[in-house]
Amino acid sequence: MIEHKRFSILLGLLWTLSASTVFAALTPSQASMPGIPVSLRAETINLTLADAVYLGLRSNRSIRSAYLERVAQKFDLRVAEDLFTPKLVLRGDYRGERSESDGSRYRQLSPTTTLLGEFGTRLSLSWANQLTDSNNDGRTRSDGATFTLIQPLLRGAGVEVTTAPMRSARLSELTNRLALKATVAQTVTQIITSYRDVLRAQEQLRIATEALSRSQQLLDVNRAMITAGRMAEFEIVQTEADYATQELGVQEAQNQLDAYRLELLQLLALGLESRIQAVETLDATPVQLSRVQALDTALEQQPAYLGQLIAHEQAGINLAVARNNQLWDVSLVGGASQVSDRYPDREGRRSDRRWEGYAGVQVEIPIGDLNRRQEVVRAQVNLENQGIEAVEARQTLERDVTNAVRTVGTRWRQYEISLRARDLSRRKLDIERQKLQVGRSSNFQVISYETDFRNAQNTSLDALIAYLNARTLLDQALGTTLSSWDIALND
């Protein structure tokens with residue numbers, strides 16, 4: 001009974017150690033960037049763009065889910081790299097037996113360890129200890145060790161084939177890291193564009209409010225002119241209609257702002273009742289980047305393109321393994337075992353010890369089995385397809401980078417033109433309002449110019465946001481989003 005308790009305690013300790021090792025690994029990392037933590041306790045949260053990115057890295061659900069997935073992926077790599085580590089299996093049995101003539105207790109402990117070598121060598125060492133305690137026959141003990149060795153010569157032989165699962169797992173780990181980088185970069189891009197949508201909505205609300213204020217001023221001027229007898233009373237109707245239109249524009253701008261705020265709050269995983277205010281200054285400077293420089297950068301950092309190159313390399317490994325599986329299974333085998341028995345007889349307790357060994361060649365020749373040939377055909381086709389997709393990925397990357405660089409240049413020129421148009425519209429409106437005060441213009445003309453100025457303001461704002469977003473999308477196309485924001489994956 002004491003041996004049984006010790007055996008149970010040993011198994012319990014081994015299970016506890018293995019379980020704690022697995023559960024300790026379930027601690028995901030987190031991306032980070034330099035900056036001051038944002039206070040979320042204020043009634044209205046003033047957010048810069050850097051603050052929004054910081055909060056997104058900390059709380060965005062897509063990023064958190066990606067890092068949780070990395071825990072399982074890293075453990076997959078650990079399992080693959082554990083391929084050449086000795087494996088130990090402990091098996092124990094304990095049972096009591098009773099019949100009409102006798103009763104007995106049976107205990108067995110049989111640990112087995114196996115080892116795979118880099119050249120395909122398979123070693124196995126096992127030991128078995130059996131103890132039978134019978135009421136009539138007494139105690140019988142048997143223990144022995146068995147050693148076996150198998151060295152493949154064709155199928156499964158060699159470093160290239162044996163280490164293929166490990167090399168493929170390491171390539172998969174590189175792909176997973178690139179996927180994490182792409183996920184974080186895409187989410188950061190979404191946060192940036194959503195933040196700018198809030199900024200644009202705030203500016204549009206300001207533009208609409210200022211237009212409403214100018215419409216009120218025009219309405220006051222009209223009333224003064226009617227009182228002075230310089231304007232017919234019915235002419236004020238046009239100004240009142242414009243005032244109502246401006247009120248409608250303010251309401252629409254406020255509604256659009258609320259919608260964009262909710263979208264940003266969801267990306268930042270904040271409560272939808274939180275009140276946030278975008279306080280980033282809208283400003284832009286031209287970027288000087290040639291297509292050649294951009295393409296060189298993308299070829300080194302773009303996750304999707306690099307992932308395709310890795311997939312092509314993995315396909316080559318799979319083809320080598322499939323071809324090896326077609327070979328005959330010719331292996332050198334050898335082994336030895338030793339058994340010792342102790343049992344009671346009429347003269348007392350006796351013991352026997354014996355051993356045996358063997359060595360030879362083991363051959364297995366598959367005949368008429370098309371499954372292995374099917375694996376080769378599939379692997380060869382997959383390798384060629386991956387080669388085609390790699391060429392396609394290169395061309396797609398060149399196209400996307402070319403479009404992104406051109407779009408940035410175009411958006412900057414459009415922004416410069418929109419600034420000139422806005423300034424000219426402002427001057428035109430000011431001149432026309434002065435002419436109205438001296439009776440040399442009409443309400444219709446002022447209201448028309450007011451509409452032109454408001455449209456020019458919105459066009460300039462849209463051009464600025466479009467340029468800034470184009471630069472952000474250029475970073476994503478080049479794979480430089482994280483480096484541009486000094487974001488560390490901490491993976």
# chains A, B, ... in the order shown; residues from 1 in each chain; ligands from 1

$ residues_around --residues "Ser194 (chain A)" --least-positions-apart "2" --cutoff "9 Å" --atoms "only C-alpha atoms" --output "VMD selection string"
chain A and resid 189 to 192 196 to 199 260 to 261 263 to 264 267

$ write_last_selection --atoms "N, CA and C atoms" --output "PDB file, in the first residue's frame"
ATOM      1  N   THR A 189      -4.187  51.656 -38.825  1.00  0.00           N
ATOM      2  CA  THR A 189      -4.656  52.452 -39.966  1.00  0.00           C
ATOM      3  C   THR A 189      -6.142  52.777 -39.837  1.00  0.00           C
ATOM      4  N   GLN A 190      -6.936  51.802 -39.416  1.00  0.00           N
ATOM      5  CA  GLN A 190      -8.367  52.049 -39.216  1.00  0.00           C
ATOM      6  C   GLN A 190      -8.599  53.098 -38.132  1.00  0.00           C
ATOM      7  N   ILE A 191      -7.833  53.016 -37.054  1.00  0.00           N
ATOM      8  CA  ILE A 191      -7.980  53.991 -35.968  1.00  0.00           C
ATOM      9  C   ILE A 191      -7.611  55.386 -36.460  1.00  0.00           C
ATOM     10  N   ILE A 192      -6.532  55.474 -37.238  1.00  0.00           N
ATOM     11  CA  ILE A 192      -6.088  56.784 -37.734  1.00  0.00           C
ATOM     12  C   ILE A 192      -7.139  57.399 -38.647  1.00  0.00           C
ATOM     13  N   ARG A 196      -9.480  60.744 -37.996  1.00  0.00           N
ATOM     14  CA  ARG A 196      -9.554  61.873 -38.923  1.00  0.00           C
ATOM     15  C   ARG A 196     -10.985  62.114 -39.398  1.00  0.00           C
ATOM     16  N   ASP A 197     -11.785  61.057 -39.449  1.00  0.00           N
ATOM     17  CA  ASP A 197     -13.200  61.261 -39.756  1.00  0.00           C
ATOM     18  C   ASP A 197     -13.862  62.117 -38.675  1.00  0.00           C
ATOM     19  N   VAL A 198     -13.494  61.861 -37.411  1.00  0.00           N
ATOM     20  CA  VAL A 198     -14.025  62.675 -36.318  1.00  0.00           C
ATOM     21  C   VAL A 198     -13.540  64.115 -36.452  1.00  0.00           C
ATOM     22  N   LEU A 199     -12.242  64.267 -36.770  1.00  0.00           N
ATOM     23  CA  LEU A 199     -11.702  65.613 -36.963  1.00  0.00           C
ATOM     24  C   LEU A 199     -12.435  66.352 -38.084  1.00  0.00           C
ATOM     25  N   TYR A 260     -19.445  59.261 -36.256  1.00  0.00           N
ATOM     26  CA  TYR A 260     -18.008  58.992 -36.337  1.00  0.00           C
ATOM     27  C   TYR A 260     -17.405  58.792 -34.949  1.00  0.00           C
ATOM     28  N   ARG A 261     -17.915  59.492 -33.946  1.00  0.00           N
ATOM     29  CA  ARG A 261     -17.425  59.303 -32.584  1.00  0.00           C
ATOM     30  C   ARG A 261     -17.700  57.878 -32.105  1.00  0.00           C
ATOM     31  N   GLU A 263     -18.034  55.235 -33.923  1.00  0.00           N
ATOM     32  CA  GLU A 263     -17.158  54.324 -34.659  1.00  0.00           C
ATOM     33  C   GLU A 263     -15.754  54.311 -34.044  1.00  0.00           C
ATOM     34  N   LEU A 264     -15.239  55.476 -33.695  1.00  0.00           N
ATOM     35  CA  LEU A 264     -13.915  55.546 -33.087  1.00  0.00           C
ATOM     36  C   LEU A 264     -13.925  54.911 -31.693  1.00  0.00           C
ATOM     37  N   LEU A 267     -13.628  51.188 -32.026  1.00  0.00           N
ATOM     38  CA  LEU A 267     -12.271  50.769 -32.376  1.00  0.00           C
ATOM     39  C   LEU A 267     -11.341  50.832 -31.166  1.00  0.00           C
TER      40      LEU A 267
END

$ select_by_dssp --residues "region 40-237 of chain A" --states "helix (DSSP H, G or I)" --output "ChimeraX atom specification"
/A:49-59,61-81,159-162,164-227,233-237

$ write_last_selection --atoms "C-alpha atoms" --output "JSON list (two decimals), in the first residue's frame"
[["chain", "number", "residue", "atom", "x", "y", "z"],
["A", 49, "LEU", "CA", -3.99, 61.16, -32.79],
["A", 50, "ALA", "CA", -1.11, 59.58, -30.84],
["A", 51, "ASP", "CA", -3.45, 59.10, -27.87],
["A", 52, "ALA", "CA", -5.96, 57.30, -30.05],
["A", 53, "VAL", "CA", -3.28, 54.96, -31.42],
["A", 54, "TYR", "CA", -2.00, 54.34, -27.89],
["A", 55, "LEU", "CA", -5.47, 53.40, -26.64],
["A", 56, "GLY", "CA", -6.04, 51.20, -29.68],
["A", 57, "LEU", "CA", -2.86, 49.22, -29.04],
["A", 58, "ARG", "CA", -3.93, 48.70, -25.46],
["A", 59, "SER", "CA", -7.61, 47.89, -25.85],
["A", 61, "ARG", "CA", -10.28, 43.76, -29.56],
["A", 62, "SER", "CA", -8.82, 42.68, -32.90],
["A", 63, "ILE", "CA", -5.29, 43.32, -31.62],
["A", 64, "ARG", "CA", -5.97, 41.55, -28.33],
["A", 65, "SER", "CA", -7.40, 38.56, -30.18],
["A", 66, "ALA", "CA", -4.36, 38.42, -32.47],
["A", 67, "TYR", "CA", -2.02, 38.35, -29.47],
["A", 68, "LEU", "CA", -4.07, 35.61, -27.83],
["A", 69, "GLU", "CA", -3.77, 33.57, -31.00],
["A", 70, "ARG", "CA", 0.00, 34.08, -30.86],
["A", 71, "VAL", "CA", 0.07, 32.18, -27.55],
["A", 72, "ALA", "CA", -1.19, 29.04, -29.29],
["A", 73, "GLN", "CA", 1.04, 29.63, -32.30],
["A", 74, "LYS", "CA", 4.16, 29.95, -30.15],
["A", 75, "PHE", "CA", 3.27, 26.73, -28.36],
["A", 76, "ASP", "CA", 2.86, 25.03, -31.75],
["A", 77, "LEU", "CA", 6.44, 26.07, -32.54],
["A", 78, "ARG", "CA", 7.61, 24.81, -29.18],
["A", 79, "VAL", "CA", 6.02, 21.43, -29.87],
["A", 80, "ALA", "CA", 7.68, 21.26, -33.30],
["A", 81, "GLU", "CA", 11.10, 22.18, -31.91],
["A", 159, "VAL", "CA", 18.65, 15.51, -41.97],
["A", 160, "GLU", "CA", 16.61, 17.20, -44.71],
["A", 161, "VAL", "CA", 13.61, 14.93, -44.28],
["A", 162, "THR", "CA", 13.81, 14.45, -40.53],
["A", 164, "ALA", "CA", 11.39, 19.12, -42.32],
["A", 165, "PRO", "CA", 8.57, 19.48, -39.73],
["A", 166, "MET", "CA", 10.76, 21.71, -37.58],
["A", 167, "ARG", "CA", 11.86, 23.90, -40.49],
["A", 168, "SER", "CA", 8.29, 24.16, -41.74],
["A", 169, "ALA", "CA", 7.11, 25.14, -38.24],
["A", 170, "ARG", "CA", 9.76, 27.85, -38.04],
["A", 171, "LEU", "CA", 8.64, 29.22, -41.39],
["A", 172, "SER", "CA", 5.05, 29.14, -40.14],
["A", 173, "GLU", "CA", 6.19, 31.11, -37.11],
["A", 174, "LEU", "CA", 7.66, 33.76, -39.41],
["A", 175, "THR", "CA", 4.36, 33.86, -41.30],
["A", 176, "ASN", "CA", 2.44, 34.22, -38.04],
["A", 177, "ARG", "CA", 4.65, 37.11, -36.97],
["A", 178, "LEU", "CA", 4.06, 38.83, -40.29],
["A", 179, "ALA", "CA", 0.32, 38.24, -39.89],
["A", 180, "LEU", "CA", 0.45, 39.84, -36.44],
["A", 181, "LYS", "CA", 2.34, 42.81, -37.87],
["A", 182, "ALA", "CA", -0.26, 43.13, -40.65],
["A", 183, "THR", "CA", -3.16, 42.92, -38.17],
["A", 184, "VAL", "CA", -1.71, 45.59, -35.89],
["A", 185, "ALA", "CA", -0.84, 47.83, -38.86],
["A", 186, "GLN", "CA", -4.31, 47.45, -40.38],
["A", 187, "THR", "CA", -6.01, 48.20, -37.07],
["A", 188, "VAL", "CA", -3.79, 51.24, -36.47],
["A", 189, "THR", "CA", -4.66, 52.45, -39.97],
["A", 190, "GLN", "CA", -8.37, 52.05, -39.22],
["A", 191, "ILE", "CA", -7.98, 53.99, -35.97],
["A", 192, "ILE", "CA", -6.09, 56.78, -37.73],
["A", 193, "THR", "CA", -8.64, 57.15, -40.53],
["A", 194, "SER", "CA", -11.53, 56.94, -38.04],
["A", 195, "TYR", "CA", -9.91, 59.63, -35.87],
["A", 196, "ARG", "CA", -9.55, 61.87, -38.92],
["A", 197, "ASP", "CA", -13.20, 61.26, -39.76],
["A", 198, "VAL", "CA", -14.03, 62.67, -36.32],
["A", 199, "LEU", "CA", -11.70, 65.61, -36.96],
["A", 200, "ARG", "CA", -13.34, 66.28, -40.31],
["A", 201, "ALA", "CA", -16.83, 66.07, -38.79],
["A", 202, "GLN", "CA", -15.80, 68.53, -36.08],
["A", 203, "GLU", "CA", -14.45, 70.93, -38.69],
["A", 204, "GLN", "CA", -17.57, 70.52, -40.82],
["A", 205, "LEU", "CA", -19.70, 71.32, -37.78],
["A", 206, "ARG", "CA", -17.58, 74.44, -37.19],
["A", 207, "ILE", "CA", -17.94, 75.47, -40.85],
["A", 208, "ALA", "CA", -21.71, 74.95, -40.70],
["A", 209, "THR", "CA", -21.95, 76.91, -37.43],
["A", 210, "GLU", "CA", -19.93, 79.80, -38.86],
["A", 211, "ALA", "CA", -22.11, 79.78, -41.99],
["A", 212, "LEU", "CA", -25.19, 79.93, -39.76],
["A", 213, "SER", "CA", -23.67, 82.87, -37.91],
["A", 214, "ARG", "CA", -22.97, 84.74, -41.15],
["A", 215, "SER", "CA", -26.50, 84.00, -42.30],
["A", 216, "GLN", "CA", -27.79, 85.52, -39.05],
["A", 217, "GLN", "CA", -25.64, 88.60, -39.65],
["A", 218, "LEU", "CA", -27.03, 88.92, -43.16],
["A", 219, "LEU", "CA", -30.54, 88.59, -41.77],
["A", 220, "ASP", "CA", -29.83, 91.41, -39.31],
["A", 221, "VAL", "CA", -28.47, 93.60, -42.12],
["A", 222, "ASN", "CA", -31.59, 92.94, -44.20],
["A", 223, "ARG", "CA", -33.86, 93.93, -41.34],
["A", 224, "ALA", "CA", -31.90, 97.13, -40.80],
["A", 225, "MET", "CA", -32.13, 97.96, -44.50],
["A", 226, "ILE", "CA", -35.89, 97.31, -44.49],
["A", 227, "THR", "CA", -36.29, 99.58, -41.49],
["A", 233, "GLU", "CA", -39.77, 93.69, -47.16],
["A", 234, "PHE", "CA", -40.39, 90.65, -49.38],
["A", 235, "GLU", "CA", -36.68, 90.40, -50.25],
["A", 236, "ILE", "CA", -35.86, 89.17, -46.73],
["A", 237, "VAL", "CA", -37.64, 85.86, -47.47]]

$ atom_distance --atom1 "CA of Phe453 (chain A)" --atom2 "CA of Ile465 (chain A)"
18.4 Å

$ closest_residue --among "A:Leu295, A:Val401, A:Ala421, A:Leu332" --to "Leu123 (chain A)" --atoms "only C-alpha atoms"
A:Leu332

$ select_by_dssp --residues "region 309-376 of chain A" --states "strand (DSSP E)" --output "JSON, numbers by chain"
{"A": [329, 330, 331, 332, 333, 334, 335, 336, 337, 338, 339, 340, 341, 342, 343, 344, 345, 348, 349, 350, 351, 352, 353, 354, 355, 356, 357, 358, 359, 360, 361, 362, 363, 364]}

$ write_last_selection --atoms "C-alpha atoms" --output "PDB file, in the first residue's frame"
ATOM      1  CA  ASP A 329      11.384   1.576 -46.257  1.00  0.00           C
ATOM      2  CA  VAL A 330      14.779  -0.014 -45.710  1.00  0.00           C
ATOM      3  CA  SER A 331      16.028   0.197 -42.143  1.00  0.00           C
ATOM      4  CA  LEU A 332      18.688  -1.305 -39.943  1.00  0.00           C
ATOM      5  CA  VAL A 333      17.105  -2.693 -36.766  1.00  0.00           C
ATOM      6  CA  GLY A 334      18.594  -3.927 -33.568  1.00  0.00           C
ATOM      7  CA  GLY A 335      17.658  -4.473 -29.985  1.00  0.00           C
ATOM      8  CA  ALA A 336      18.383  -6.145 -26.702  1.00  0.00           C
ATOM      9  CA  SER A 337      16.391  -7.026 -23.609  1.00  0.00           C
ATOM     10  CA  GLN A 338      17.090  -8.400 -20.156  1.00  0.00           C
ATOM     11  CA  VAL A 339      14.504  -9.861 -17.777  1.00  0.00           C
ATOM     12  CA  SER A 340      14.889 -10.872 -14.147  1.00  0.00           C
ATOM     13  CA  ASP A 341      12.283 -12.986 -12.277  1.00  0.00           C
ATOM     14  CA  ARG A 342      12.089 -13.693  -8.555  1.00  0.00           C
ATOM     15  CA  TYR A 343       9.586 -16.182  -7.193  1.00  0.00           C
ATOM     16  CA  PRO A 344       9.143 -18.588  -4.253  1.00  0.00           C
ATOM     17  CA  ASP A 345       9.414 -22.423  -4.511  1.00  0.00           C
ATOM     18  CA  GLY A 348      12.907 -20.901  -0.857  1.00  0.00           C
ATOM     19  CA  ARG A 349      13.091 -17.860  -3.101  1.00  0.00           C
ATOM     20  CA  ARG A 350      14.705 -18.257  -6.506  1.00  0.00           C
ATOM     21  CA  SER A 351      15.585 -15.847  -9.268  1.00  0.00           C
ATOM     22  CA  ASP A 352      16.169 -16.228 -12.991  1.00  0.00           C
ATOM     23  CA  ARG A 353      17.884 -13.774 -15.305  1.00  0.00           C
ATOM     24  CA  ARG A 354      17.933 -13.977 -19.066  1.00  0.00           C
ATOM     25  CA  TRP A 355      18.734 -11.702 -22.001  1.00  0.00           C
ATOM     26  CA  GLU A 356      18.409 -11.699 -25.743  1.00  0.00           C
ATOM     27  CA  GLY A 357      19.433  -9.492 -28.635  1.00  0.00           C
ATOM     28  CA  TYR A 358      18.835  -9.174 -32.338  1.00  0.00           C
ATOM     29  CA  ALA A 359      20.064  -7.229 -35.382  1.00  0.00           C
ATOM     30  CA  GLY A 360      18.994  -7.191 -38.995  1.00  0.00           C
ATOM     31  CA  VAL A 361      17.446  -5.356 -41.906  1.00  0.00           C
ATOM     32  CA  GLN A 362      13.797  -4.405 -42.266  1.00  0.00           C
ATOM     33  CA  VAL A 363      12.369  -3.839 -45.755  1.00  0.00           C
ATOM     34  CA  GLU A 364       8.936  -2.601 -46.769  1.00  0.00           C
TER      35      GLU A 364
END

$ residues_around --residues "Leu489 (chain A)" --least-positions-apart "6" --cutoff "7 Å" --atoms "only C-alpha atoms" --output "PyMOL selection string"
chain A and resi 30-32
